[in-house]
Amino acid sequence: MTAIIDLSPALLDQLAAWLPQQRWFGAKGRQISSVAVAASVVLREAATPDGPRGDLLVLAVEFADGGPGEHYQLLLGRRSQLPEELAHVSIGADDGSTAYDGIWDAELSGELLADLAAGVHRDWVGFNPEPGEQIPSGLPGRVLSAEQSNTSVVFGDELMLKMFRRVAPGVNPDLELHRALRGVDSKEVATLRASIEGTLDGESCLLGLLDRKS
């Protein structure tokens, strides 16, 4: 069963105001009526009072027009004191801490890479290296800021992790294509190293792809 964490009503309201401001939010012009947590898993507990907590969330967004809702992925970070370099991704205050878009936090994105290297499963989320791949961990990560619809983190000089912002249940053609080309050793696209896959509405969904940086 997919785990759900409780977010405060205030934080959910802040997310409803914050989401339309993001370049990757695909429902520009539609008024949000509600935001709820459809699925969640703890990625990292705060190890120190000043350290970050990270929760990997799928948010269910409903709209005032009564049309179809959408699902968005967020690595929700929370810190008692938000470093200045993360101020631009702040979402708002939440019970004595500041909530923010944690994919920009190198400590939290590093947890994603470490889980991929270890091939772990966290409840409904699988961090899955491709057969025969050895994923390094501990590499510094930085977000590529030019992307519109997704968010990519470059680790060192060799790896790039694409985190899908809008997610949907079912087979993802990006993953199928990458695996097919990897199977024939194609050089047309960057080599697939690993994937982050979850479950949404009883079906598989793709959350992220780790490629060898081309």
# chains A, B, ... in the order shown; residues from 1 in each chain; ligands from 1
$ residues_around --residues "Asp6 of chain A" --least-positions-apart "3" --cutoff "12 Å" --atoms "only C-alpha atoms" --output "mmCIF file with N, CA and C atoms, in the first residue's frame"
data_model
loop_
_atom_site.group_PDB
_atom_site.id
_atom_site.type_symbol
_atom_site.label_atom_id
_atom_site.label_comp_id
_atom_site.auth_asym_id
_atom_site.auth_seq_id
_atom_site.Cartn_x
_atom_site.Cartn_y
_atom_site.Cartn_z
ATOM 1 N N ALA A 3 2.259 4.685 0.912
ATOM 2 C CA ALA A 3 2.255 5.455 2.156
ATOM 3 C C ALA A 3 1.872 6.900 1.883
ATOM 4 N N PRO A 9 -2.603 21.866 6.509
ATOM 5 C CA PRO A 9 -3.432 22.638 5.565
ATOM 6 C C PRO A 9 -2.733 23.901 5.075
ATOM 7 N N ALA A 10 -1.960 24.542 5.960
ATOM 8 C CA ALA A 10 -1.255 25.759 5.556
ATOM 9 C C ALA A 10 -0.235 25.461 4.463
ATOM 10 N N LEU A 11 0.509 24.353 4.611
ATOM 11 C CA LEU A 11 1.507 24.009 3.601
ATOM 12 C C LEU A 11 0.838 23.613 2.289
ATOM 13 N N LEU A 12 -0.277 22.908 2.353
ATOM 14 C CA LEU A 12 -1.001 22.558 1.129
ATOM 15 C C LEU A 12 -1.481 23.818 0.411
ATOM 16 N N ALA A 36 -3.395 17.729 -2.774
ATOM 17 C CA ALA A 36 -3.329 16.671 -1.763
ATOM 18 C C ALA A 36 -2.133 15.778 -2.073
ATOM 19 N N VAL A 37 -1.691 15.032 -1.074
ATOM 20 C CA VAL A 37 -0.590 14.078 -1.259
ATOM 21 C C VAL A 37 -1.183 12.747 -1.713
ATOM 22 N N ALA A 38 -0.842 12.350 -2.951
ATOM 23 C CA ALA A 38 -1.316 11.073 -3.481
ATOM 24 C C ALA A 38 -0.419 9.926 -3.044
ATOM 25 N N ALA A 39 0.871 10.193 -2.890
ATOM 26 C CA ALA A 39 1.833 9.170 -2.469
ATOM 27 C C ALA A 39 3.052 9.877 -1.896
ATOM 28 N N SER A 40 3.714 9.233 -0.951
ATOM 29 C CA SER A 40 4.882 9.855 -0.335
ATOM 30 C C SER A 40 5.782 8.786 0.258
ATOM 31 N N VAL A 41 7.055 9.118 0.361
ATOM 32 C CA VAL A 41 8.004 8.255 1.048
ATOM 33 C C VAL A 41 9.096 9.135 1.633
ATOM 34 N N VAL A 42 9.546 8.793 2.824
ATOM 35 C CA VAL A 42 10.628 9.545 3.457
ATOM 36 C C VAL A 42 11.936 9.173 2.774
ATOM 37 N N ASP A 55 11.256 14.416 1.716
ATOM 38 C CA ASP A 55 10.150 13.504 1.432
ATOM 39 C C ASP A 55 9.872 13.536 -0.066
ATOM 40 N N LEU A 57 7.362 13.140 -2.876
ATOM 41 C CA LEU A 57 5.907 13.228 -2.928
ATOM 42 C C LEU A 57 5.404 13.148 -4.360
ATOM 43 N N LEU A 59 2.006 14.760 -5.802
ATOM 44 C CA LEU A 59 0.901 15.637 -5.425
ATOM 45 C C LEU A 59 -0.248 15.492 -6.415
#
$ select_by_dssp --residues "segment 21-129 of chain A" --states "strand (DSSP E)" --output "JSON, numbers by chain"
{"A": [32, 33, 34, 35, 36, 37, 38, 39, 40, 41, 42, 43, 44, 53, 54, 55, 56, 57, 58, 59, 60, 61, 62, 63, 70, 71, 72, 73, 74, 75, 76, 77, 78, 79, 90, 91, 92, 93, 94, 97, 98, 99, 100, 101, 121, 122, 125, 126, 127, 128, 129]}
$ closest_atom_pairs --of "segment 29-123 of chain A" --to "segment 147-159 of chain A" --cutoff "10 Å" --atoms "only C-alpha atoms" --output "JSON lines"
{"residue": "A:Gln73", "atom": "CA", "partner": "A:Asn150", "partner_atom": "CA", "distance": 9.7}
{"residue": "A:Ile103", "atom": "CA", "partner": "A:Val153", "partner_atom": "CA", "distance": 7.9}
{"residue": "A:Trp104", "atom": "CA", "partner": "A:Val153", "partner_atom": "CA", "distance": 8.3}
{"residue": "A:Ala106", "atom": "CA", "partner": "A:Val153", "partner_atom": "CA", "distance": 9.3}
{"residue": "A:Ser109", "atom": "CA", "partner": "A:Val153", "partner_atom": "CA", "distance": 7.7}
{"residue": "A:Gly110", "atom": "CA", "partner": "A:Phe155", "partner_atom": "CA", "distance": 8.6}
{"residue": "A:Leu113", "atom": "CA", "partner": "A:Phe155", "partner_atom": "CA", "distance": 8.5}
$ write_last_selection --atoms "C-alpha atoms" --output "PDB file, in the first residue's frame"
ATOM      1  CA  GLN A  73       6.383  15.021  -8.304  1.00  0.00           C
ATOM      2  CA  ILE A 103      15.892  18.741  -5.672  1.00  0.00           C
ATOM      3  CA  TRP A 104      18.023  21.924  -5.547  1.00  0.00           C
ATOM      4  CA  ALA A 106      22.780  18.833  -2.988  1.00  0.00           C
ATOM      5  CA  SER A 109      19.715  15.003  -4.469  1.00  0.00           C
ATOM      6  CA  GLY A 110      22.753  13.067  -3.230  1.00  0.00           C
ATOM      7  CA  LEU A 113      22.055   9.028  -6.230  1.00  0.00           C
TER       8      LEU A 113
END
$ closest_residue --among "A:Arg166, A:Asp95, A:Gln22, A:Glu111" --to "Val61 of chain A" --atoms "only C-alpha atoms"
A:Arg166
$ residues_around --residues "Ala99 of chain A" --least-positions-apart "3" --cutoff "6 Å" --atoms "only C-alpha atoms" --output "list in words"
Gly77, Arg78, Ile91 and Gly92 of chain A
$ write_last_selection --atoms "N, CA and C atoms" --output "mmCIF file, in the first residue's frame"
data_model
loop_
_atom_site.group_PDB
_atom_site.id
_atom_site.type_symbol
_atom_site.label_atom_id
_atom_site.label_comp_id
_atom_site.auth_asym_id
_atom_site.auth_seq_id
_atom_site.Cartn_x
_atom_site.Cartn_y
_atom_site.Cartn_z
ATOM 1 N N GLY A 77 11.804 19.385 0.594
ATOM 2 C CA GLY A 77 12.813 19.564 1.625
ATOM 3 C C GLY A 77 12.283 20.432 2.741
ATOM 4 N N ARG A 78 12.777 20.195 3.956
ATOM 5 C CA ARG A 78 12.431 21.051 5.086
ATOM 6 C C ARG A 78 13.672 21.246 5.950
ATOM 7 N N ILE A 91 9.179 27.379 -0.450
ATOM 8 C CA ILE A 91 7.728 27.262 -0.618
ATOM 9 C C ILE A 91 7.013 28.021 0.484
ATOM 10 N N GLY A 92 7.487 27.922 1.711
ATOM 11 C CA GLY A 92 6.887 28.668 2.802
ATOM 12 C C GLY A 92 7.218 28.058 4.151
#
$ select_by_dssp --residues "segment 17-165 of chain A" --states "helix (DSSP H, G or I)" --output "mmCIF file with all heavy atoms, in the first residue's frame"
data_model
loop_
_atom_site.group_PDB
_atom_site.id
_atom_site.type_symbol
_atom_site.label_atom_id
_atom_site.label_comp_id
_atom_site.auth_asym_id
_atom_site.auth_seq_id
_atom_site.Cartn_x
_atom_site.Cartn_y
_atom_site.Cartn_z
ATOM 1 N N ALA A 17 -0.396 27.826 -4.155
ATOM 2 C CA ALA A 17 0.049 29.126 -4.660
ATOM 3 C C ALA A 17 1.398 29.025 -5.364
ATOM 4 O O ALA A 17 1.662 29.772 -6.326
ATOM 5 C CB ALA A 17 0.135 30.122 -3.504
ATOM 6 N N TRP A 18 2.249 28.101 -4.908
ATOM 7 C CA TRP A 18 3.614 27.978 -5.437
ATOM 8 C C TRP A 18 3.658 27.241 -6.781
ATOM 9 O O TRP A 18 4.420 27.627 -7.682
ATOM 10 C CB TRP A 18 4.461 27.250 -4.387
ATOM 11 C CG TRP A 18 5.873 26.960 -4.757
ATOM 12 C CD1 TRP A 18 6.947 27.825 -4.695
ATOM 13 C CD2 TRP A 18 6.408 25.706 -5.216
ATOM 14 N NE1 TRP A 18 8.100 27.186 -5.095
ATOM 15 C CE2 TRP A 18 7.792 25.878 -5.413
ATOM 16 C CE3 TRP A 18 5.830 24.453 -5.469
ATOM 17 C CZ2 TRP A 18 8.615 24.853 -5.875
ATOM 18 C CZ3 TRP A 18 6.646 23.427 -5.911
ATOM 19 C CH2 TRP A 18 8.032 23.625 -6.127
ATOM 20 N N LEU A 19 2.871 26.208 -6.936
ATOM 21 C CA LEU A 19 2.944 25.372 -8.141
ATOM 22 C C LEU A 19 2.772 26.160 -9.446
ATOM 23 O O LEU A 19 3.575 25.974 -10.384
ATOM 24 C CB LEU A 19 1.910 24.245 -8.049
ATOM 25 C CG LEU A 19 2.271 23.072 -7.142
ATOM 26 C CD1 LEU A 19 1.038 22.199 -6.873
ATOM 27 C CD2 LEU A 19 3.385 22.229 -7.755
ATOM 28 N N PRO A 20 1.770 27.028 -9.580
ATOM 29 C CA PRO A 20 1.603 27.729 -10.858
ATOM 30 C C PRO A 20 2.765 28.640 -11.225
ATOM 31 O O PRO A 20 2.885 29.049 -12.388
ATOM 32 C CB PRO A 20 0.313 28.550 -10.638
ATOM 33 C CG PRO A 20 -0.420 27.842 -9.556
ATOM 34 C CD PRO A 20 0.666 27.325 -8.648
ATOM 35 N N GLN A 21 3.617 28.979 -10.260
ATOM 36 C CA GLN A 21 4.763 29.847 -10.534
ATOM 37 C C GLN A 21 5.952 29.078 -11.119
ATOM 38 O O GLN A 21 6.932 29.699 -11.554
ATOM 39 C CB GLN A 21 5.195 30.537 -9.248
ATOM 40 C CG GLN A 21 4.120 31.379 -8.588
ATOM 41 C CD GLN A 21 4.577 31.939 -7.250
ATOM 42 O OE1 GLN A 21 5.730 32.347 -7.086
ATOM 43 N NE2 GLN A 21 3.692 31.936 -6.277
ATOM 44 N N GLU A 84 21.005 30.537 2.232
ATOM 45 C CA GLU A 84 20.720 31.621 1.286
ATOM 46 C C GLU A 84 20.639 31.115 -0.147
ATOM 47 O O GLU A 84 19.805 31.584 -0.935
ATOM 48 C CB GLU A 84 21.796 32.704 1.409
ATOM 49 C CG GLU A 84 21.542 33.924 0.532
ATOM 50 C CD GLU A 84 22.586 35.005 0.719
ATOM 51 O OE1 GLU A 84 23.361 34.926 1.693
ATOM 52 O OE2 GLU A 84 22.615 35.936 -0.107
ATOM 53 N N GLU A 85 21.470 30.127 -0.489
ATOM 54 C CA GLU A 85 21.491 29.652 -1.875
ATOM 55 C C GLU A 85 20.238 28.864 -2.249
ATOM 56 O O GLU A 85 20.008 28.574 -3.438
ATOM 57 C CB GLU A 85 22.735 28.786 -2.134
ATOM 58 C CG GLU A 85 22.829 27.515 -1.311
ATOM 59 C CD GLU A 85 23.562 27.685 -0.004
ATOM 60 O OE1 GLU A 85 23.679 28.831 0.466
ATOM 61 O OE2 GLU A 85 24.032 26.671 0.538
ATOM 62 N N LEU A 86 19.411 28.524 -1.251
ATOM 63 C CA LEU A 86 18.161 27.817 -1.530
ATOM 64 C C LEU A 86 16.935 28.712 -1.354
ATOM 65 O O LEU A 86 15.804 28.243 -1.515
ATOM 66 C CB LEU A 86 18.033 26.590 -0.613
ATOM 67 C CG LEU A 86 19.055 25.479 -0.827
ATOM 68 C CD1 LEU A 86 18.910 24.408 0.253
ATOM 69 C CD2 LEU A 86 18.897 24.861 -2.214
ATOM 70 N N ALA A 87 17.160 29.988 -1.075
ATOM 71 C CA ALA A 87 16.033 30.891 -0.827
ATOM 72 C C ALA A 87 15.110 31.000 -2.035
ATOM 73 O O ALA A 87 13.895 31.180 -1.894
ATOM 74 C CB ALA A 87 16.552 32.274 -0.431
ATOM 75 N N HIS A 88 15.664 30.855 -3.240
ATOM 76 C CA HIS A 88 14.854 31.023 -4.455
ATOM 77 C C HIS A 88 13.899 29.856 -4.692
ATOM 78 O O HIS A 88 13.002 29.951 -5.547
ATOM 79 C CB HIS A 88 15.761 31.204 -5.676
ATOM 80 C CG HIS A 88 16.514 29.974 -6.081
ATOM 81 N ND1 HIS A 88 17.512 29.432 -5.303
ATOM 82 C CD2 HIS A 88 16.407 29.179 -7.171
ATOM 83 C CE1 HIS A 88 18.003 28.366 -5.906
ATOM 84 N NE2 HIS A 88 17.343 28.184 -7.029
ATOM 85 N N VAL A 89 14.054 28.751 -3.939
ATOM 86 C CA VAL A 89 13.137 27.619 -4.107
ATOM 87 C C VAL A 89 12.310 27.388 -2.843
ATOM 88 O O VAL A 89 11.748 26.320 -2.642
ATOM 89 C CB VAL A 89 13.894 26.329 -4.511
ATOM 90 C CG1 VAL A 89 14.418 26.449 -5.926
ATOM 91 C CG2 VAL A 89 15.016 25.987 -3.532
ATOM 92 N N GLY A 102 13.332 20.489 -2.744
ATOM 93 C CA GLY A 102 14.564 19.855 -2.291
ATOM 94 C C GLY A 102 15.468 19.317 -3.370
ATOM 95 O O GLY A 102 16.617 18.969 -3.081
ATOM 96 N N ILE A 103 15.005 19.249 -4.619
ATOM 97 C CA ILE A 103 15.892 18.741 -5.672
ATOM 98 C C ILE A 103 17.082 19.682 -5.869
ATOM 99 O O ILE A 103 18.140 19.280 -6.359
ATOM 100 C CB ILE A 103 15.117 18.553 -6.998
ATOM 101 C CG1 ILE A 103 15.903 17.667 -7.975
ATOM 102 C CG2 ILE A 103 14.784 19.892 -7.640
ATOM 103 C CD1 ILE A 103 16.076 16.245 -7.521
ATOM 104 N N TRP A 104 16.935 20.952 -5.440
ATOM 105 C CA TRP A 104 18.023 21.924 -5.547
ATOM 106 C C TRP A 104 19.035 21.788 -4.412
ATOM 107 O O TRP A 104 20.087 22.426 -4.454
ATOM 108 C CB TRP A 104 17.457 23.341 -5.552
ATOM 109 C CG TRP A 104 16.724 23.676 -6.811
ATOM 110 C CD1 TRP A 104 15.441 23.322 -7.153
ATOM 111 C CD2 TRP A 104 17.225 24.435 -7.918
ATOM 112 N NE1 TRP A 104 15.122 23.811 -8.394
ATOM 113 C CE2 TRP A 104 16.201 24.502 -8.883
ATOM 114 C CE3 TRP A 104 18.433 25.079 -8.170
ATOM 115 C CZ2 TRP A 104 16.351 25.176 -10.088
ATOM 116 C CZ3 TRP A 104 18.585 25.757 -9.371
ATOM 117 C CH2 TRP A 104 17.555 25.795 -10.314
ATOM 118 N N ALA A 106 21.827 19.883 -2.635
ATOM 119 C CA ALA A 106 22.780 18.833 -2.988
ATOM 120 C C ALA A 106 22.769 17.678 -1.996
ATOM 121 O O ALA A 106 23.028 16.530 -2.375
ATOM 122 C CB ALA A 106 24.187 19.425 -3.103
ATOM 123 N N GLU A 107 22.454 17.955 -0.728
ATOM 124 C CA GLU A 107 22.385 16.874 0.245
ATOM 125 C C GLU A 107 21.237 15.921 -0.072
ATOM 126 O O GLU A 107 21.360 14.703 0.078
ATOM 127 C CB GLU A 107 22.233 17.441 1.658
ATOM 128 C CG GLU A 107 23.480 18.106 2.199
ATOM 129 C CD GLU A 107 23.337 18.440 3.674
ATOM 130 O OE1 GLU A 107 23.066 17.514 4.470
ATOM 131 O OE2 GLU A 107 23.480 19.624 4.020
ATOM 132 N N LEU A 108 20.104 16.464 -0.507
ATOM 133 C CA LEU A 108 18.948 15.619 -0.795
ATOM 134 C C LEU A 108 19.056 14.949 -2.161
ATOM 135 O O LEU A 108 18.705 13.769 -2.313
ATOM 136 C CB LEU A 108 17.666 16.445 -0.695
ATOM 137 C CG LEU A 108 17.339 16.978 0.693
ATOM 138 C CD1 LEU A 108 16.037 17.769 0.675
ATOM 139 C CD2 LEU A 108 17.257 15.850 1.723
ATOM 140 N N SER A 109 19.530 15.659 -3.166
ATOM 141 C CA SER A 109 19.715 15.003 -4.469
ATOM 142 C C SER A 109 20.776 13.914 -4.360
ATOM 143 O O SER A 109 20.705 12.882 -5.046
ATOM 144 C CB SER A 109 20.085 16.021 -5.549
ATOM 145 O OG SER A 109 21.340 16.622 -5.302
ATOM 146 N N GLY A 110 21.748 14.110 -3.461
ATOM 147 C CA GLY A 110 22.753 13.067 -3.230
ATOM 148 C C GLY A 110 22.153 11.798 -2.661
ATOM 149 O O GLY A 110 22.657 10.692 -2.915
ATOM 150 N N GLU A 111 21.059 11.931 -1.885
ATOM 151 C CA GLU A 111 20.363 10.746 -1.379
ATOM 152 C C GLU A 111 19.762 9.938 -2.524
ATOM 153 O O GLU A 111 19.750 8.699 -2.500
ATOM 154 C CB GLU A 111 19.257 11.158 -0.404
ATOM 155 C CG GLU A 111 19.752 11.729 0.908
ATOM 156 C CD GLU A 111 20.352 10.670 1.822
ATOM 157 O OE1 GLU A 111 20.029 9.482 1.656
ATOM 158 O OE2 GLU A 111 21.149 11.045 2.703
ATOM 159 N N LEU A 112 19.237 10.623 -3.538
ATOM 160 C CA LEU A 112 18.699 9.922 -4.700
ATOM 161 C C LEU A 112 19.793 9.111 -5.396
ATOM 162 O O LEU A 112 19.584 7.948 -5.763
ATOM 163 C CB LEU A 112 18.091 10.929 -5.681
ATOM 164 C CG LEU A 112 16.870 11.711 -5.203
ATOM 165 C CD1 LEU A 112 16.523 12.798 -6.218
ATOM 166 C CD2 LEU A 112 15.670 10.789 -4.982
ATOM 167 N N LEU A 113 20.957 9.731 -5.576
ATOM 168 C CA LEU A 113 22.055 9.028 -6.230
ATOM 169 C C LEU A 113 22.532 7.847 -5.383
ATOM 170 O O LEU A 113 22.803 6.761 -5.918
ATOM 171 C CB LEU A 113 23.215 9.989 -6.493
ATOM 172 C CG LEU A 113 24.394 9.407 -7.291
ATOM 173 C CD1 LEU A 113 23.948 8.996 -8.691
ATOM 174 C CD2 LEU A 113 25.535 10.416 -7.368
ATOM 175 N N ALA A 114 22.619 8.036 -4.070
ATOM 176 C CA ALA A 114 23.055 6.946 -3.193
ATOM 177 C C ALA A 114 22.074 5.778 -3.245
ATOM 178 O O ALA A 114 22.485 4.606 -3.241
ATOM 179 C CB ALA A 114 23.194 7.458 -1.757
ATOM 180 N N ASP A 115 20.772 6.076 -3.306
ATOM 181 C CA ASP A 115 19.775 5.004 -3.382
ATOM 182 C C ASP A 115 19.862 4.269 -4.710
ATOM 183 O O ASP A 115 19.686 3.048 -4.781
ATOM 184 C CB ASP A 115 18.372 5.573 -3.187
ATOM 185 C CG ASP A 115 18.049 5.848 -1.722
ATOM 186 O OD1 ASP A 115 18.909 5.544 -0.867
ATOM 187 O OD2 ASP A 115 16.953 6.342 -1.433
ATOM 188 N N LEU A 116 20.132 5.002 -5.787
ATOM 189 C CA LEU A 116 20.310 4.352 -7.093
ATOM 190 C C LEU A 116 21.553 3.471 -7.090
ATOM 191 O O LEU A 116 21.552 2.366 -7.650
ATOM 192 C CB LEU A 116 20.405 5.405 -8.198
ATOM 193 C CG LEU A 116 19.087 6.090 -8.563
ATOM 194 C CD1 LEU A 116 19.350 7.344 -9.398
ATOM 195 C CD2 LEU A 116 18.173 5.127 -9.319
ATOM 196 N N ALA A 117 22.620 3.955 -6.453
ATOM 197 C CA ALA A 117 23.850 3.162 -6.383
ATOM 198 C C ALA A 117 23.629 1.873 -5.601
ATOM 199 O O ALA A 117 24.175 0.814 -5.944
ATOM 200 C CB ALA A 117 24.966 3.984 -5.749
ATOM 201 N N ALA A 118 22.794 1.948 -4.559
ATOM 202 C CA ALA A 118 22.547 0.780 -3.708
ATOM 203 C C ALA A 118 21.416 -0.096 -4.228
ATOM 204 O O ALA A 118 21.238 -1.226 -3.752
ATOM 205 C CB ALA A 118 22.241 1.239 -2.285
#
$ closest_residue --among "A:Glu45, A:Arg165, A:Val35, A:Trp124" --to "Gly202 of chain A" --atoms "only C-alpha atoms"
A:Trp124
